[in-house]
Structures are given as C-alpha cells and as structure tokens.
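Novice: One file is attached below, coords.txt, containing compact mmCIF, C-alpha atoms and all ligand atoms.
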```
# COMPACT_ATOMS: atom_id res chain seq x y z
CA MET A 1409 132.40 118.73 71.79
CA THR A 1410 132.59 121.80 73.99
CA THR A 1411 133.82 121.48 77.56
CA VAL A 1412 131.64 123.69 79.74
CA VAL A 1413 133.44 125.18 82.73
CA SER A 1414 131.49 127.04 85.43
CA VAL A 1415 133.37 129.34 87.74
CA HIS A 1416 131.52 129.81 90.97
CA SER A 1417 131.90 130.99 94.56
CA PHE A 1418 129.52 131.00 97.48
CA ARG A 1419 130.57 134.49 98.54
CA GLY A 1420 131.37 137.56 96.45
CA GLY A 1421 134.72 139.07 95.57
CA THR A 1422 136.67 135.81 95.67
CA GLY A 1423 138.26 136.38 92.26
CA LYS A 1424 135.86 134.60 89.88
CA SER A 1425 135.99 137.18 87.10
CA ASN A 1426 139.78 137.61 87.27
CA THR A 1427 140.27 133.85 87.27
CA THR A 1428 137.75 133.19 84.48
CA SER A 1429 139.18 135.84 82.16
CA ASN A 1430 142.79 134.81 82.77
CA VAL A 1431 142.16 131.08 82.36
CA ALA A 1432 140.21 131.84 79.17
CA GLY A 1433 143.10 133.97 77.89
CA GLN A 1434 145.58 131.18 78.61
CA LEU A 1435 143.48 128.55 76.82
CA ALA A 1436 142.98 130.77 73.77
CA ALA A 1437 146.71 131.58 73.64
CA GLN A 1438 147.38 127.84 73.60
CA GLY A 1439 145.31 127.51 70.42
CA PHE A 1440 141.83 126.64 71.70
CA ARG A 1441 138.56 128.27 70.69
CA VAL A 1442 137.19 129.73 73.91
CA GLY A 1443 133.96 131.48 74.82
CA VAL A 1444 133.35 133.48 77.99
CA ILE A 1445 129.83 134.32 79.05
CA ASP A 1446 128.95 136.76 81.81
CA THR A 1447 125.90 135.31 83.57
CA ASP A 1448 126.28 137.76 86.46
CA ILE A 1449 123.42 139.76 85.01
CA GLN A 1450 122.71 141.66 88.22
CA SER A 1451 126.29 142.87 88.63
CA PRO A 1452 128.26 142.26 85.41
CA GLY A 1453 131.94 143.06 85.22
CA ILE A 1454 134.15 140.61 83.37
CA HIS A 1455 134.03 142.77 80.20
CA VAL A 1456 136.23 145.29 82.03
CA LEU A 1457 139.08 142.76 82.15
CA PHE A 1458 138.90 142.52 78.36
CA GLY A 1459 139.08 146.29 77.94
CA PHE A 1460 135.42 147.08 77.25
CA SER A 1461 133.88 150.26 78.61
CA GLU A 1462 130.20 150.23 79.54
CA ASP A 1463 129.34 152.21 76.40
CA ASP A 1464 130.95 149.92 73.81
CA LEU A 1465 129.39 146.63 74.82
CA GLY A 1466 127.09 146.42 71.79
CA ASN A 1467 124.82 143.37 71.81
CA THR A 1468 124.61 141.63 75.18
CA LEU A 1469 123.31 138.46 76.79
CA ASN A 1470 120.24 140.47 77.82
CA ASP A 1471 119.31 141.03 74.15
CA TYR A 1472 119.44 137.27 73.61
CA LEU A 1473 117.44 136.44 76.76
CA TRP A 1474 114.74 138.89 75.67
CA GLY A 1475 114.46 137.21 72.28
CA LYS A 1476 115.89 140.08 70.22
CA ILE A 1477 118.92 138.29 68.74
CA ALA A 1478 120.61 134.92 68.39
CA ILE A 1479 123.20 134.42 71.11
CA GLN A 1480 126.13 134.36 68.68
CA GLU A 1481 125.19 137.93 67.70
CA ALA A 1482 126.14 138.93 71.25
CA ALA A 1483 129.55 137.22 70.99
CA HIS A 1484 132.41 139.68 70.52
CA ASP A 1485 135.63 138.36 69.00
CA ILE A 1486 138.29 139.58 71.44
CA THR A 1487 141.22 137.48 70.26
CA ASP A 1488 143.13 140.69 69.43
CA VAL A 1489 142.89 141.75 73.07
CA ILE A 1490 145.06 138.82 74.15
CA ARG A 1491 147.21 139.07 71.03
CA SER A 1492 148.28 142.53 72.22
CA SER A 1493 149.98 140.94 75.26
CA THR A 1494 150.97 137.48 74.12
CA GLU A 1495 151.44 135.21 71.14
CA VAL A 1496 148.30 133.29 70.18
CA ALA A 1497 148.90 129.78 68.84
CA GLU A 1498 147.30 128.93 65.50
CA GLY A 1499 143.56 128.34 65.77
CA GLY A 1500 143.27 130.14 69.11
CA ALA A 1501 140.26 132.43 69.46
CA LEU A 1502 138.48 134.18 72.30
CA PHE A 1503 134.87 135.40 72.36
CA LEU A 1504 132.97 137.29 75.03
CA VAL A 1505 129.23 137.45 75.58
CA PRO A 1506 128.90 140.38 77.97
CA SER A 1507 125.97 141.33 80.16
CA SER A 1508 124.38 144.75 79.81
CA MET A 1509 125.58 147.62 82.01
CA LYS A 1510 122.51 149.74 81.25
CA THR A 1511 120.60 150.60 84.41
CA ALA A 1512 117.24 149.92 82.75
CA ASP A 1513 118.38 146.47 81.57
CA ILE A 1514 119.66 145.45 85.01
CA ALA A 1515 116.47 146.78 86.61
CA ARG A 1516 114.39 144.76 84.16
CA VAL A 1517 116.25 141.55 85.01
CA LEU A 1518 115.77 142.19 88.73
CA ARG A 1519 112.08 142.99 88.20
CA GLU A 1520 111.07 140.33 85.68
CA GLY A 1521 113.79 137.69 85.93
CA TYR A 1522 114.35 135.64 82.79
CA ASP A 1523 113.85 132.12 81.54
CA VAL A 1524 116.70 129.93 82.76
CA GLY A 1525 115.85 127.34 80.07
CA THR A 1526 116.57 129.98 77.41
CA LEU A 1527 119.97 130.56 79.01
CA ASN A 1528 120.69 126.84 78.81
CA ASP A 1529 119.71 126.80 75.10
CA GLY A 1530 122.02 129.78 74.65
CA PHE A 1531 125.02 127.91 76.06
CA ARG A 1532 124.43 125.09 73.58
CA GLU A 1533 123.77 127.34 70.58
CA LEU A 1534 126.85 129.46 71.30
CA SER A 1535 129.09 126.40 71.64
CA GLN A 1536 127.87 125.05 68.30
CA ALA A 1537 127.79 128.31 66.36
CA LEU A 1538 131.35 129.24 67.35
CA ASN A 1539 132.65 125.69 67.37
CA LEU A 1540 134.06 126.20 70.86
CA ASP A 1541 136.52 123.91 72.60
CA TYR A 1542 135.76 125.58 75.95
CA LEU A 1543 132.88 127.66 77.25
CA LEU A 1544 133.67 129.44 80.53
CA ILE A 1545 130.74 130.71 82.57
CA ASP A 1546 131.35 133.54 85.02
CA THR A 1547 128.60 133.58 87.64
CA HIS A 1548 126.94 135.69 90.31
CA PRO A 1549 128.05 134.62 93.82
CA GLY A 1550 125.83 132.40 95.95
CA LEU A 1551 123.30 129.82 94.96
CA ASN A 1552 120.44 130.90 92.74
CA GLU A 1553 118.54 129.49 89.81
CA GLU A 1554 121.06 130.35 87.11
CA THR A 1555 124.07 129.17 89.09
CA LEU A 1556 122.29 125.88 89.81
CA LEU A 1557 121.66 125.55 86.08
CA SER A 1558 125.26 126.33 85.20
CA ILE A 1559 126.47 123.78 87.77
CA THR A 1560 124.06 121.17 86.37
CA ILE A 1561 125.23 121.51 82.78
CA SER A 1562 128.95 121.86 83.56
CA ASP A 1563 131.62 119.35 82.67
CA VAL A 1564 133.97 121.10 85.07
CA LEU A 1565 133.11 123.21 88.11
CA LEU A 1566 135.72 125.56 89.55
CA LEU A 1567 134.86 126.63 93.09
CA ILE A 1568 136.80 129.65 94.23
CA LEU A 1569 137.24 130.54 97.87
CA ARG A 1570 139.54 132.54 100.11
CA PRO A 1571 141.21 131.23 103.26
CA ASP A 1572 138.37 132.61 105.39
CA ARG A 1573 135.98 130.76 107.68
CA GLN A 1574 132.90 132.22 106.02
CA ASP A 1575 134.16 131.10 102.61
CA PHE A 1576 135.05 127.65 103.94
CA GLN A 1577 131.62 127.07 105.42
CA GLY A 1578 129.71 128.46 102.44
CA THR A 1579 131.74 126.44 99.95
CA ALA A 1580 130.74 123.25 101.76
CA VAL A 1581 127.13 124.03 100.83
CA THR A 1582 128.01 124.39 97.15
CA VAL A 1583 130.17 121.26 97.17
CA ASN A 1584 127.20 119.27 98.52
CA VAL A 1585 124.86 120.70 95.90
CA ALA A 1586 127.36 119.98 93.10
CA ARG A 1587 127.75 116.37 94.30
CA LYS A 1588 123.96 115.91 94.35
CA LEU A 1589 123.76 117.34 90.83
CA GLY A 1590 126.48 114.93 89.71
CA VAL A 1591 129.06 117.36 88.25
CA PRO A 1592 131.67 115.22 86.43
CA ALA A 1593 134.70 117.17 87.68
CA MET A 1594 134.99 119.65 90.52
CA TYR A 1595 138.12 121.56 91.52
CA LEU A 1596 138.69 123.98 94.34
CA VAL A 1597 140.74 127.11 93.82
CA LEU A 1598 142.00 128.96 96.88
CA ASN A 1599 142.65 132.62 96.06
CA LYS A 1600 144.12 135.50 98.06
CA VAL A 1601 146.34 133.24 100.16
CA PRO A 1602 148.48 135.50 102.40
CA SER A 1603 152.24 134.99 102.33
CA GLY A 1604 153.66 132.88 105.12
CA VAL A 1605 150.71 130.49 105.38
CA PRO A 1606 152.01 126.89 105.07
CA LEU A 1607 150.55 125.71 101.75
CA ASP A 1608 150.71 121.99 102.59
CA ASN A 1609 148.54 122.59 105.66
CA LEU A 1610 146.04 124.54 103.59
CA ARG A 1611 145.90 121.83 100.94
CA GLN A 1612 145.29 119.19 103.63
CA GLN A 1613 142.62 121.33 105.29
CA MET A 1614 140.83 121.63 101.93
CA ALA A 1615 141.09 117.91 101.23
CA ASP A 1616 139.70 117.07 104.70
CA ALA A 1617 136.85 119.57 104.42
CA TYR A 1618 135.65 118.83 100.87
CA GLU A 1619 137.19 115.57 99.66
CA ALA A 1620 137.89 117.37 96.39
CA GLU A 1621 141.11 118.27 94.62
CA THR A 1622 142.58 121.74 94.98
CA ALA A 1623 143.67 122.81 91.51
CA ALA A 1624 145.57 125.90 92.56
CA LEU A 1625 146.56 128.12 95.48
CA LEU A 1626 146.79 131.71 94.28
CA PRO A 1627 148.70 134.19 96.40
CA LEU A 1628 147.19 137.39 97.75
CA SER A 1629 149.06 139.92 95.68
CA GLU A 1630 149.46 143.65 95.84
CA GLU A 1631 150.36 143.60 92.13
CA VAL A 1632 147.01 141.97 91.29
CA VAL A 1633 145.25 144.66 93.34
CA GLN A 1634 147.23 147.33 91.52
CA ASN A 1635 146.30 145.75 88.20
CA ALA A 1636 142.74 146.63 89.27
CA SER A 1637 141.06 144.33 86.71
CA GLU A 1638 142.73 146.38 83.96
CA GLY A 1639 143.70 143.62 81.58
CA LEU A 1640 144.77 140.02 82.00
CA PHE A 1641 147.47 139.95 84.65
CA SER A 1642 148.62 136.41 83.81
CA LEU A 1643 149.44 137.54 80.25
CA THR A 1644 151.10 140.82 81.14
CA SER A 1645 153.00 139.41 84.18
CA PRO A 1646 153.61 135.79 83.18
CA SER A 1647 156.45 135.18 85.64
CA HIS A 1648 154.37 136.10 88.73
CA GLU A 1649 153.29 133.18 90.98
CA TRP A 1650 149.62 134.17 90.58
CA SER A 1651 150.02 133.72 86.81
CA ALA A 1652 151.78 130.36 87.25
CA GLN A 1653 148.81 129.15 89.30
CA ILE A 1654 146.36 130.39 86.65
CA ARG A 1655 148.27 128.32 84.05
CA GLN A 1656 147.96 125.35 86.39
CA ILE A 1657 144.16 125.75 86.40
CA ALA A 1658 144.13 125.95 82.59
CA GLN A 1659 146.18 122.75 82.54
CA ARG A 1660 143.86 120.97 84.98
CA ILE A 1661 140.79 121.87 82.92
CA GLN A 1662 142.41 120.12 79.96
CA GLY A 1663 142.38 116.95 82.05
N1 LIG B 1 145.05 137.02 94.44
C1 LIG B 1 144.59 138.27 94.55
N2 LIG B 1 145.26 139.18 95.28
C2 LIG B 1 144.79 140.42 95.42
N3 LIG B 1 143.66 140.88 94.87
C3 LIG B 1 142.95 140.03 94.13
C4 LIG B 1 143.36 138.68 93.92
N4 LIG B 1 142.44 138.07 93.15
C5 LIG B 1 141.50 139.00 92.89
N5 LIG B 1 141.80 140.19 93.47
C6 LIG B 1 141.01 141.42 93.47
O1 LIG B 1 139.79 141.14 94.14
C7 LIG B 1 138.72 141.88 93.58
C8 LIG B 1 137.58 140.95 93.20
O2 LIG B 1 137.99 140.15 92.11
P1 LIG B 1 136.92 139.61 91.04
O3 LIG B 1 136.11 140.74 90.53
O4 LIG B 1 137.66 138.78 90.10
O5 LIG B 1 136.04 138.72 92.03
P2 LIG B 1 134.58 138.12 91.77
O6 LIG B 1 134.53 136.86 92.55
O7 LIG B 1 134.32 138.03 90.32
O8 LIG B 1 133.65 139.20 92.43
P3 LIG B 1 132.02 139.24 92.33
O9 LIG B 1 131.55 138.18 93.28
O10 LIG B 1 131.70 140.62 92.78
O11 LIG B 1 131.66 138.95 90.91
C9 LIG B 1 139.31 142.65 92.41
O12 LIG B 1 139.60 143.95 92.85
C10 LIG B 1 140.59 141.90 92.09
O13 LIG B 1 141.57 142.74 91.52
MG MG B 2 132.68 138.68 89.14
```
For the file at hand, write its structure as structure tokens.
Specialist:
Amino acid sequence: MTTVVSVHSFRGGTGKSNTTSNVAGQLAAQGFRVGVIDTDIQSPGIHVLFGFSEDDLGNTLNDYLWGKIAIQEAAHDITDVIRSSTEVAEGGALFLVPSSMKTADIARVLREGYDVGTLNDGFRELSQALNLDYLLIDTHPGLNEETLLSITISDVLLLILRPDRQDFQGTAVTVNVARKLGVPAMYLVLNKVPSGVPLDNLRQQMADAYEAETAALLPLSEEVVQNASEGLFSLTSPSHEWSAQIRQIAQRIQG
C-alpha cells in the first residue's frame, strides 16, 4: 500500500516545494520507494530542487493529463540526485513527475483546465506501477479543485504556514475543509519561524487555533534563502536545525 501525502498551504511561498522535496529525499535515503508529483500545473517548480532545467524535463504530468502517455512514462528516476549528497539505504528510490514549463502547455491548462478524475487515476496508477511506499503531492496554494481532490485522497495532509496572521486565518479554512473531507491524519508545519520567538508559545497557539498536532517548527534561515532551491538543503546541510525539523516530519509521516 502506498501512503499518499499531500503538502498544502493556503497562501503561496510558505515552503511547500522545499519541504516536499526534502522530506521525499529523506524518506528515499532511508530505503523507501518515493514518488513526488508536481500538481502545481499553473506555476510548477519543484523540479528545480532536483536539478532539472526547464529544457530537460522530458515527459510531464501534462502529457499524461492530455492522454498522450501513461503516467509512469512521466516519472523520472532521480535516485542518483540524492545519492550525490547522501548514502541511500538499500531499496531506496526517488521518482519525480514534473509539470511542464512550456508556456503553451501552461496556457492550455489555464484555458481548458483538465479532468481532475484523470489526475486521481494517475495517482493510483503511478503508485502501483512504481510500487511506491510514499507518494508526495506538491500543490498550488489555496483551495481549488485539484487541491480538494488531493486532500480527499490523502492518507496524510501536511499544512504549511508561516507565523503570520494571514497564514493563520487562511489555514483555519483549510483545516475545516480537511476535517469535513475526513483526512485520516493532518499535521501542521510552521516554517520561517524567526529566531527569538518562544517556540512553546507558538506550539500552544497552533494547538488552540487548530486542535491539530504541529509536526515541526522550521526556522527562518538565511542559509536556506542562500541555497535558493538549488538542491536539497537537508541532505547537503544535515546538521542545520531546518534539516533536523525536516527529518522530524519524515519521521512523523511514518507514524
Ligand atoms: N525556513 C526558510 N527560511 C528561509 N527561506 C525559506 C525557508 N523555507 C523556504 N524558504 C524560501 O522561500 C521561498 C519559497 O519556498 P517554496 O518554493 O518551497 O514555497 P512554496 O510554498 O512551494 O511556494 P509556491 O506557493 O509559490 O509554490 C524559496 O525562495 C525558499 O528558498
Ligand atoms: Mg511550490
């Protein structure tokens, strides 16, 4: 059985793609078979963290959604990308299904949309074809049809927010939706926490606001900014507190 993990945030720029790629890298390094799928079709980006340029993406999720290929044909084996920075335990594997960066493809999605049911079938087919232990879904911010679908079919929902009033209020909306949809496990992840903020207070504030567990508090970090989505920071800087918190998320997902 594949555990499906959706990574979501109400507002943009919270750190979804950095968190998704790093948690995926950690799980694969531990010996799991992990798939990452970029469902942010309007503004894709997670491929950058795995070292892809826009020209070498090859087959993409778009090709699958438009009926041109089977979804596993859009899955790129990127295990070597993590192997270049860390040891990968036996059996560990990482696959990425990227979204197209071609202007015409993005325009077509915005113009015509796509069938969300097909996307759902794709999640299932990919999990089976690659015999995945974990499928991580990186999403577009806010609530829309595909994020509602990904929340509905998830075993685990990671909700990422920053210590910001707009994020706090928006996340409450998503938490309510997720509860109504009956997500089996939901964890909050607070990212970009400035230094000096009392963490116990923050944790309590989160518990009071959402009645959900906070899986990790990731520090706001100049080093992460400097990393600039160039590679998986938690693998290249394993002793950093941000990386320790990423490992904690990977641990929590494993139950
Ligand atoms: N803890 C952190 N400290 C500093 N910068 C961070 C931290 N986490 C993420 N960033 C930076 O924030 C920016 C946004 O991160 P990321 O792309 O992962 O967010 P996102 O939620 O996927 O964004 P979008 O909603 O646009 O898809 C990136 O420049 C990233 O390097
Ligand atoms: Mg993103």
Novice: List all protein, DNA and RNA residues that have any atom at most 6 Å from ligand LIG 1 (chain B), counting all atoms listed in the file, and write the list as number ranges by chain.
Specialist: A: 1420-1426, 1548-1549, 1599-1600, 1626-1630, 1632-1633, 1636-1637
Novice: Taking into account only C-alpha atoms, which residue in the set A:Leu1527, A:Ala1537, A:Leu1518, A:Val1442 is nearest to Tyr1472 in chain A?
Specialist: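 Going through A:Leu1527, A:Ala1537, A:Leu1518, A:Val1442 one by one, the smallest distance to Tyr1472 in chain A is for A:Leu1527.
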Novice: My list of candidates is A:Arg1587, A:His1416, A:Arg1532, A:Arg1573. Which is closest to ligand MG 2 (chain B) when distances are computed with only C-alpha atoms and all ligand atoms?
Specialist: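 Ranking A:Arg1587, A:His1416, A:Arg1532, A:Arg1573 by distance to ligand MG 2 (chain B), first place goes to A:His1416.
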Novice: At a cut-off of 12 Å around ligand MG 2 (chain B), and using only C-alpha atoms and all ligand atoms, what residues come up? Please write them as a ChimeraX atom specification.
Specialist: /A:1415-1429,1445-1457,1506-1507,1545-1550,1568,1637
Novice: Please determine, counting all atoms listed in the file, which residue among A:Leu1607, A:Leu1556, A:Ile1490, A:Val1496 has the shortest atom-to-atom distance to Phe1641 in chain A.
Specialist: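 Among A:Leu1607, A:Leu1556, A:Ile1490, A:Val1496, it is A:Ile1490 that comes nearest to Phe1641 in chain A.
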Novice: Rounded to one decimal in Å, what is the spacing between CA of Leu1643 in chain A and CA of Ala1482 in chain A?
Specialist: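 Atom-to-atom, CA of Leu1643 in chain A and CA of Ala1482 in chain A are spaced 25.0 Å apart.
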Novice: To one decimal place in Å, what is the distance between CA of Gln1577 in chain A and CA of Gly1590 in chain A?
Specialist: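 Taking CA of Gln1577 in chain A and CA of Gly1590 in chain A, their separation equals 20.5 Å.
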Novice: Separation of CA of Ile1657 in chain A and CA of Tyr1618 in chain A, in Å?
Specialist: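 Going from CA of Ile1657 in chain A over to CA of Tyr1618 in chain A, I get 18.2 Å.
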Novice: Give the answer as one residue: which of A:Leu1465, A:Val1489, A:Ile1561, A:Leu1567 has the shortest atom-to-atom distance to Ala1624 in chain A, using only C-alpha atoms?
Specialist: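 For Ala1624 in chain A, the nearest of the given residues is A:Leu1567.
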Novice: Enclose range 1651-1663 of chain A, meaning all of its atoms listed in the file, in a box aligned along x, y and z, pad it by 3 Å on each side, and list the centre and edge lengths in Å to one decimal, as lines of an AutoDock Vina configuration file.
Specialist:
```
center_x = 146.3
center_y = 125.3
center_z = 84.6
size_x = 17.0
size_y = 22.8
size_z = 15.3
```
Novice: Could you check the closest approach to Leu1596 in chain A for each of A:Thr1622, A:Gln1634, A:Phe1576, A:Arg1611 and tell me which residue wins, using all atoms listed in the file?
Specialist: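 For Leu1596 in chain A, the nearest of the given residues is A:Thr1622.
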Novice: Around (138.1, 141.5, 70.3) in the file's own coordinates, what residues are found within 9 Å if you use all atoms listed in the file, given back as a PDB file with C-alpha atoms, in the coordinates of the input?
Specialist:
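File written: result_30.pdb
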```pdb
ATOM      1  CA  PHE A1458     138.900 142.520  78.360  1.00  0.00           C
ATOM      2  CA  HIS A1484     132.410 139.680  70.520  1.00  0.00           C
ATOM      3  CA  ASP A1485     135.630 138.360  69.000  1.00  0.00           C
ATOM      4  CA  ILE A1486     138.290 139.580  71.440  1.00  0.00           C
ATOM      5  CA  THR A1487     141.220 137.480  70.260  1.00  0.00           C
ATOM      6  CA  ASP A1488     143.130 140.690  69.430  1.00  0.00           C
ATOM      7  CA  VAL A1489     142.890 141.750  73.070  1.00  0.00           C
ATOM      8  CA  ILE A1490     145.060 138.820  74.150  1.00  0.00           C
ATOM      9  CA  LEU A1502     138.480 134.180  72.300  1.00  0.00           C
ATOM     10  CA  PHE A1503     134.870 135.400  72.360  1.00  0.00           C
ATOM     11  CA  LEU A1504     132.970 137.290  75.030  1.00  0.00           C
TER      12      LEU A1504
END
```
Novice: Excluding Ala1437 in chain A and residues on its chain fewer than 4 positions from it, collect all residues at most 7 Å away from it, counting all atoms listed in the file, and give them as a VMD selection string.
Specialist: chain A and resid 1433 1495 to 1497 1500
